[in-house]
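Text of the file work29.pdb, holding PDB, C-alpha atoms, pLDDT in the B column:
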ATOM      1  CA  MET A1210     127.730  85.712 115.486  1.00 60.00           C
ATOM      2  CA  SER A1211     126.562  89.198 116.414  1.00 71.00           C
ATOM      3  CA  ALA A1212     125.249  92.336 114.764  1.00 84.00           C
ATOM      4  CA  GLU A1213     125.605  96.001 115.549  1.00 88.00           C
ATOM      5  CA  CYS A1214     122.552  98.258 115.701  1.00 89.00           C
ATOM      6  CA  SER A1215     123.610 101.822 115.020  1.00 91.00           C
ATOM      7  CA  SER A1216     122.297 104.758 117.037  1.00 92.00           C
ATOM      8  CA  TYR A1217     119.013 106.299 115.910  1.00 91.00           C
ATOM      9  CA  LEU A1218     116.343 108.881 116.747  1.00 91.00           C
ATOM     10  CA  ASN A1219     113.149 107.300 118.083  1.00 88.00           C
ATOM     11  CA  ALA A1220     109.603 108.563 117.430  1.00 85.00           C
ATOM     12  CA  ASP A1221     109.967 111.124 120.239  1.00 90.00           C
ATOM     13  CA  LYS A1222     113.171 112.469 118.583  1.00 90.00           C
ATOM     14  CA  VAL A1223     115.334 111.130 121.425  1.00 92.00           C
ATOM     15  CA  LEU A1224     118.736 109.743 120.464  1.00 93.00           C
ATOM     16  CA  VAL A1225     119.087 106.038 121.289  1.00 91.00           C
ATOM     17  CA  SER A1226     122.697 104.921 121.403  1.00 92.00           C
ATOM     18  CA  GLY A1227     123.847 101.965 119.327  1.00 91.00           C
ATOM     19  CA  PHE A1228     124.052  98.447 120.779  1.00 91.00           C
ATOM     20  CA  SER A1229     125.205  95.012 119.762  1.00 89.00           C
ATOM     21  CA  CYS A1230     123.077  91.894 119.413  1.00 89.00           C
ATOM     22  CA  PRO A1231     122.430  89.731 121.327  1.00 87.00           C
ATOM     23  CA  ARG A1232     121.929  92.109 124.222  1.00 84.00           C
ATOM     24  CA  THR A1233     123.109  91.295 127.710  1.00 83.00           C
ATOM     25  CA  GLY A1234     120.328  89.485 129.551  1.00 84.00           C
ATOM     26  CA  GLY A1235     118.313  89.059 126.321  1.00 81.00           C
ATOM     27  CA  ASP A1236     117.566  86.082 124.137  1.00 83.00           C
ATOM     28  CA  ALA A1237     120.809  84.465 122.952  1.00 84.00           C
ATOM     29  CA  ARG A1238     119.186  83.566 119.620  1.00 86.00           C
ATOM     30  CA  ALA A1239     118.472  87.236 118.815  1.00 86.00           C
ATOM     31  CA  VAL A1240     121.679  87.903 116.888  1.00 88.00           C
ATOM     32  CA  TYR A1241     120.273  90.166 114.132  1.00 88.00           C
ATOM     33  CA  CYS A1242     119.534  93.883 114.263  1.00 88.00           C
ATOM     34  CA  CYS A1243     115.946  94.383 113.109  1.00 86.00           C
ATOM     35  CA  GLY A1244     113.496  97.270 112.888  1.00 83.00           C
ATOM     36  CA  PHE A1245     113.232 100.629 111.167  1.00 83.00           C
ATOM     37  CA  GLN A1246     114.930 104.012 111.354  1.00 85.00           C
ATOM     38  CA  ASP A1247     112.990 105.026 114.472  1.00 86.00           C
ATOM     39  CA  VAL A1248     112.923 101.679 116.336  1.00 87.00           C
ATOM     40  CA  LYS A1249     115.592  98.985 116.376  1.00 88.00           C
ATOM     41  CA  TYR A1250     115.768  95.738 118.320  1.00 87.00           C
ATOM     42  CA  CYS A1251     117.525  92.389 118.354  1.00 88.00           C
ATOM     43  CA  CYS A1252     115.726  89.485 116.723  1.00 87.00           C
ATOM     44  CA  ASP A1253     116.352  85.902 115.610  1.00 84.00           C
ATOM     45  CA  ASP A1254     114.950  86.394 112.085  1.00 79.00           C
ATOM     46  CA  PRO A1255     116.750  88.806 109.750  1.00 73.00           C
ATOM     47  CA  HIS A1256     113.501  89.376 107.822  1.00 71.00           C
ATOM     48  CA  SER A1257     111.469  90.352 110.882  1.00 64.00           C
ATOM     49  CA  PHE A1258     109.822  93.764 110.652  1.00 60.00           C
ATOM     50  CA  PHE A1259     107.699  94.112 113.789  1.00 59.00           C
ATOM     51  CA  PRO A1260     108.629  93.446 117.409  1.00 55.00           C
ATOM     52  CA  TYR A1261     105.083  92.295 118.214  1.00 55.00           C
ATOM     53  CA  GLU A1262     103.800  88.851 119.015  1.00 56.00           C
ATOM     54  CA  HIS A1263     101.827  87.150 116.284  1.00 55.00           C
ATOM     55  CA  SER A1264      98.678  87.060 118.421  1.00 55.00           C
ATOM     56  CA  TYR A1265      98.543  90.864 118.206  1.00 57.00           C
ATOM     57  CA  MET A1266      98.568  90.644 114.429  1.00 59.00           C
ATOM     58  CA  TRP A1267      95.826  87.978 114.490  1.00 60.00           C
ATOM     59  CA  TRP A1268      93.543  90.271 116.467  1.00 62.00           C
ATOM     60  CA  LEU A1269      94.195  93.031 113.976  1.00 67.00           C
ATOM     61  CA  SER A1270      93.307  90.682 111.116  1.00 75.00           C
ATOM     62  CA  VAL A1271      90.117  89.477 112.834  1.00 78.00           C
ATOM     63  CA  GLY A1272      89.054  93.082 113.459  1.00 79.00           C
ATOM     64  CA  ALA A1273      89.685  93.973 109.819  1.00 82.00           C
ATOM     65  CA  LEU A1274      87.683  90.956 108.637  1.00 85.00           C
ATOM     66  CA  VAL A1275      84.756  91.831 110.899  1.00 88.00           C
ATOM     67  CA  GLY A1276      84.794  95.431 109.672  1.00 90.00           C
ATOM     68  CA  LEU A1277      84.931  94.379 106.028  1.00 90.00           C
ATOM     69  CA  SER A1278      82.123  91.873 106.575  1.00 93.00           C
ATOM     70  CA  ILE A1279      79.878  94.524 108.100  1.00 96.00           C
ATOM     71  CA  ALA A1280      80.663  96.908 105.238  1.00 97.00           C
ATOM     72  CA  ALA A1281      79.836  94.189 102.689  1.00 97.00           C
ATOM     73  CA  VAL A1282      76.475  93.449 104.358  1.00 97.00           C
ATOM     74  CA  VAL A1283      75.568  97.155 104.415  1.00 97.00           C
ATOM     75  CA  LEU A1284      76.524  97.539 100.740  1.00 98.00           C
ATOM     76  CA  PHE A1285      74.513  94.438  99.805  1.00 98.00           C
ATOM     77  CA  ALA A1286      71.460  95.745 101.709  1.00 98.00           C
ATOM     78  CA  PHE A1287      71.780  99.115  99.946  1.00 98.00           C
ATOM     79  CA  ILE A1288      71.915  97.469  96.509  1.00 97.00           C
ATOM     80  CA  ILE A1289      68.885  95.277  97.285  1.00 97.00           C
ATOM     81  CA  THR A1290      66.953  98.332  98.527  1.00 97.00           C
ATOM     82  CA  VAL A1291      67.732 100.290  95.352  1.00 96.00           C
ATOM     83  CA  CYS A1292      66.665  97.350  93.174  1.00 95.00           C
ATOM     84  CA  VAL A1293      63.368  96.927  95.058  1.00 95.00           C
ATOM     85  CA  LEU A1294      62.605 100.654  94.872  1.00 94.00           C
ATOM     86  CA  CYS A1295      63.347 100.734  91.129  1.00 93.00           C
ATOM     87  CA  TYR A1296      61.088  97.730  90.558  1.00 91.00           C
ATOM     88  CA  LEU A1297      58.273  99.331  92.566  1.00 91.00           C
ATOM     89  CA  PHE A1298      58.704 102.631  90.701  1.00 89.00           C
ATOM     90  CA  ILE A1299      58.550 100.946  87.306  1.00 86.00           C
ATOM     91  CA  SER A1300      55.725  98.523  88.163  1.00 86.00           C
ATOM     92  CA  THR A1301      53.409 101.204  89.631  1.00 85.00           C
ATOM     93  CA  LYS A1302      53.594 103.521  86.604  1.00 76.00           C
ATOM     94  CA  PRO A1303      50.364 103.858  84.641  1.00 72.00           C
ATOM     95  CA  ARG A1304      50.271 101.645  81.547  1.00 67.00           C
ATOM     96  CA  SER A1305      48.987 104.466  79.297  1.00 65.00           C
ATOM     97  CA  LYS A1306      50.951 105.560  76.275  1.00 63.00           C
ATOM     98  CA  LEU A1307      53.464 108.262  77.082  1.00 60.00           C
ATOM     99  CA  ASP A1308      52.984 111.636  75.372  1.00 61.00           C
ATOM    100  CA  THR A1309      56.281 112.811  73.900  1.00 64.00           C
ATOM    101  CA  GLY A1310      54.886 116.223  73.026  1.00 66.00           C
ATOM    102  CA  LEU A1311      55.598 115.814  69.292  1.00 67.00           C
ATOM    103  CA  SER A1312      52.947 115.083  66.694  1.00 65.00           C
ATOM    104  CA  LEU A1313      54.196 112.462  64.266  1.00 63.00           C
ATOM    105  CA  GLN A1314      51.212 112.618  61.892  1.00 67.00           C
ATOM    106  CA  MET A1315      51.678 112.842  58.147  1.00 66.00           C
ATOM    107  CA  ALA A1316      51.340 116.311  56.664  1.00 60.00           C
ATOM    108  CA  ASP A1317      48.399 116.967  54.343  1.00 61.00           C
ATOM    109  CA  SER A1318      49.073 116.532  50.615  1.00 55.00           C
ATOM    110  CA  GLU A1319      48.078 120.150  50.035  1.00 56.00           C
ATOM    111  CA  THR A1320      50.736 121.588  52.361  1.00 54.00           C
ATOM    112  CA  ARG A1321      53.409 119.133  51.269  1.00 54.00           C
ATOM    113  CA  GLY A1322      54.109 120.785  47.915  1.00 54.00           C
ATOM    114  CA  THR A1323      53.751 124.469  48.832  1.00 55.00           C
ATOM    115  CA  SER A1324      56.597 126.554  50.065  1.00 53.00           C
ATOM    116  CA  ILE A1325      56.505 128.881  53.038  1.00 57.00           C
ATOM    117  CA  CYS A1326      57.978 131.831  51.151  1.00 53.00           C
TER     118      CYS A1326
END
When written as structure tokens, how does the structure in this file appear?
Amino acid sequence: MSAECSSYLNADKVLVSGFSCPRTGGDARAVYCCGFQDVKYCCDDPHSFFPYEHSYMWWLSVGALVGLSIAAVVLFAFIITVCVLCYLFISTKPRSKLDTGLSLQMADSETRGTSIC
């Protein structure tokens, strides 16, 4: 069983001529043509997308997890700081009655019945 990888333009826009899988001197199990439009290679799994070892992907995942963990800690610290500052702002306000600027007293009975005109 073998597969043909057609020619393609790589990322540097250089034409790479087509080849058949498995390649001469390569892994005999790599009978499938894998990759994308700008990089093609022979592989043993027809659903393979990347020609990298899995350890490379693990390091990428660990780095992403560390970055997300740091971002979560910073966000949590920010939320705690805002909550503490709000509590301090509310608890240190004077307990006196707030003046709304409007007088809500009842009008005198004399002025209630008279008109302005």
Self-check item: Atomic distance atom CA of Asp1236 of chain A - atom CA of Lys1222 of chain A, expressed in Å with one decimal
Solution: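 Atom CA of Lys1222 of chain A lies at a distance of 27.3 Å from atom CA of Asp1236 of chain A.
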Quiz item: Any chance you could work out the residue set of the PyMOL selection byres ((chain A and resi 1225-1231) around 6) here, as an MDAnalysis selection string?
Solution: chainID A and resid 1211:1217 1224 1232 1237 1239:1240 1251
Self-check item: Hits from the PyMOL selection byres ((chain A and resi 1245) around 10), listed as a PyMOL selection string
Solution: chain A and resi 1217+1219+1242-1244+1246-1250+1258-1259
Quiz item: atom CA of Ser1270 of chain A and atom CA of Phe1285 of chain A, how far apart in Å?
Solution: 22.3 Å
Exercise. Quick one: pull the distance between atom CA of Thr1233 of chain A and atom CA of His1256 of chain A, Å, one decimal.
Key: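 Result for atom CA of Thr1233 of chain A versus atom CA of His1256 of chain A: 22.2 Å, one decimal.
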Add whatever atoms are absent from segment 1281-1300 of chain A to reach N, CA and C atoms, and provide the output as a PDB file, in the frame of the given file.
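Output contents, as saved in out14.pdb:
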ATOM      1  N   ALA A1281      80.398  94.943 103.812  1.00 97.00           N
ATOM      2  CA  ALA A1281      79.836  94.189 102.689  1.00 97.00           C
ATOM      3  C   ALA A1281      78.339  93.958 102.874  1.00 97.00           C
ATOM      4  N   VAL A1282      77.905  93.661 104.085  1.00 97.00           N
ATOM      5  CA  VAL A1282      76.475  93.449 104.358  1.00 97.00           C
ATOM      6  C   VAL A1282      75.701  94.744 104.140  1.00 97.00           C
ATOM      7  N   VAL A1283      76.238  95.863 104.598  1.00 97.00           N
ATOM      8  CA  VAL A1283      75.568  97.155 104.415  1.00 97.00           C
ATOM      9  C   VAL A1283      75.472  97.495 102.928  1.00 97.00           C
ATOM     10  N   LEU A1284      76.545  97.272 102.177  1.00 98.00           N
ATOM     11  CA  LEU A1284      76.524  97.539 100.740  1.00 98.00           C
ATOM     12  C   LEU A1284      75.512  96.638 100.037  1.00 98.00           C
ATOM     13  N   PHE A1285      75.468  95.376 100.399  1.00 98.00           N
ATOM     14  CA  PHE A1285      74.513  94.438  99.805  1.00 98.00           C
ATOM     15  C   PHE A1285      73.074  94.875 100.107  1.00 98.00           C
ATOM     16  N   ALA A1286      72.801  95.278 101.336  1.00 98.00           N
ATOM     17  CA  ALA A1286      71.460  95.745 101.709  1.00 98.00           C
ATOM     18  C   ALA A1286      71.084  96.997 100.923  1.00 98.00           C
ATOM     19  N   PHE A1287      72.032  97.900 100.718  1.00 98.00           N
ATOM     20  CA  PHE A1287      71.780  99.115  99.946  1.00 98.00           C
ATOM     21  C   PHE A1287      71.431  98.772  98.499  1.00 98.00           C
ATOM     22  N   ILE A1288      72.173  97.853  97.900  1.00 97.00           N
ATOM     23  CA  ILE A1288      71.915  97.469  96.509  1.00 97.00           C
ATOM     24  C   ILE A1288      70.553  96.808  96.380  1.00 97.00           C
ATOM     25  N   ILE A1289      70.205  95.930  97.306  1.00 97.00           N
ATOM     26  CA  ILE A1289      68.885  95.277  97.285  1.00 97.00           C
ATOM     27  C   ILE A1289      67.772  96.315  97.435  1.00 97.00           C
ATOM     28  N   THR A1290      67.958  97.286  98.319  1.00 97.00           N
ATOM     29  CA  THR A1290      66.953  98.332  98.527  1.00 97.00           C
ATOM     30  C   THR A1290      66.759  99.148  97.259  1.00 97.00           C
ATOM     31  N   VAL A1291      67.839  99.515  96.593  1.00 96.00           N
ATOM     32  CA  VAL A1291      67.732 100.290  95.352  1.00 96.00           C
ATOM     33  C   VAL A1291      67.015  99.476  94.281  1.00 96.00           C
ATOM     34  N   CYS A1292      67.329  98.198  94.168  1.00 95.00           N
ATOM     35  CA  CYS A1292      66.665  97.350  93.174  1.00 95.00           C
ATOM     36  C   CYS A1292      65.164  97.228  93.453  1.00 95.00           C
ATOM     37  N   VAL A1293      64.787  97.037  94.700  1.00 95.00           N
ATOM     38  CA  VAL A1293      63.368  96.927  95.058  1.00 95.00           C
ATOM     39  C   VAL A1293      62.644  98.235  94.781  1.00 95.00           C
ATOM     40  N   LEU A1294      63.253  99.358  95.119  1.00 94.00           N
ATOM     41  CA  LEU A1294      62.605 100.654  94.872  1.00 94.00           C
ATOM     42  C   LEU A1294      62.464 100.922  93.381  1.00 94.00           C
ATOM     43  N   CYS A1295      63.456 100.559  92.585  1.00 93.00           N
ATOM     44  CA  CYS A1295      63.347 100.734  91.129  1.00 93.00           C
ATOM     45  C   CYS A1295      62.229  99.860  90.566  1.00 93.00           C
ATOM     46  N   TYR A1296      62.154  98.625  91.020  1.00 91.00           N
ATOM     47  CA  TYR A1296      61.088  97.730  90.558  1.00 91.00           C
ATOM     48  C   TYR A1296      59.709  98.297  90.921  1.00 91.00           C
ATOM     49  N   LEU A1297      59.557  98.765  92.154  1.00 91.00           N
ATOM     50  CA  LEU A1297      58.273  99.331  92.566  1.00 91.00           C
ATOM     51  C   LEU A1297      57.937 100.587  91.768  1.00 91.00           C
ATOM     52  N   PHE A1298      58.928 101.410  91.469  1.00 89.00           N
ATOM     53  CA  PHE A1298      58.704 102.631  90.701  1.00 89.00           C
ATOM     54  C   PHE A1298      58.244 102.293  89.286  1.00 89.00           C
ATOM     55  N   ILE A1299      58.899 101.316  88.679  1.00 86.00           N
ATOM     56  CA  ILE A1299      58.550 100.946  87.306  1.00 86.00           C
ATOM     57  C   ILE A1299      57.216 100.208  87.263  1.00 86.00           C
ATOM     58  N   SER A1300      56.951  99.326  88.210  1.00 86.00           N
ATOM     59  CA  SER A1300      55.725  98.523  88.163  1.00 86.00           C
ATOM     60  C   SER A1300      54.477  99.318  88.538  1.00 86.00           C
TER      61      SER A1300
END
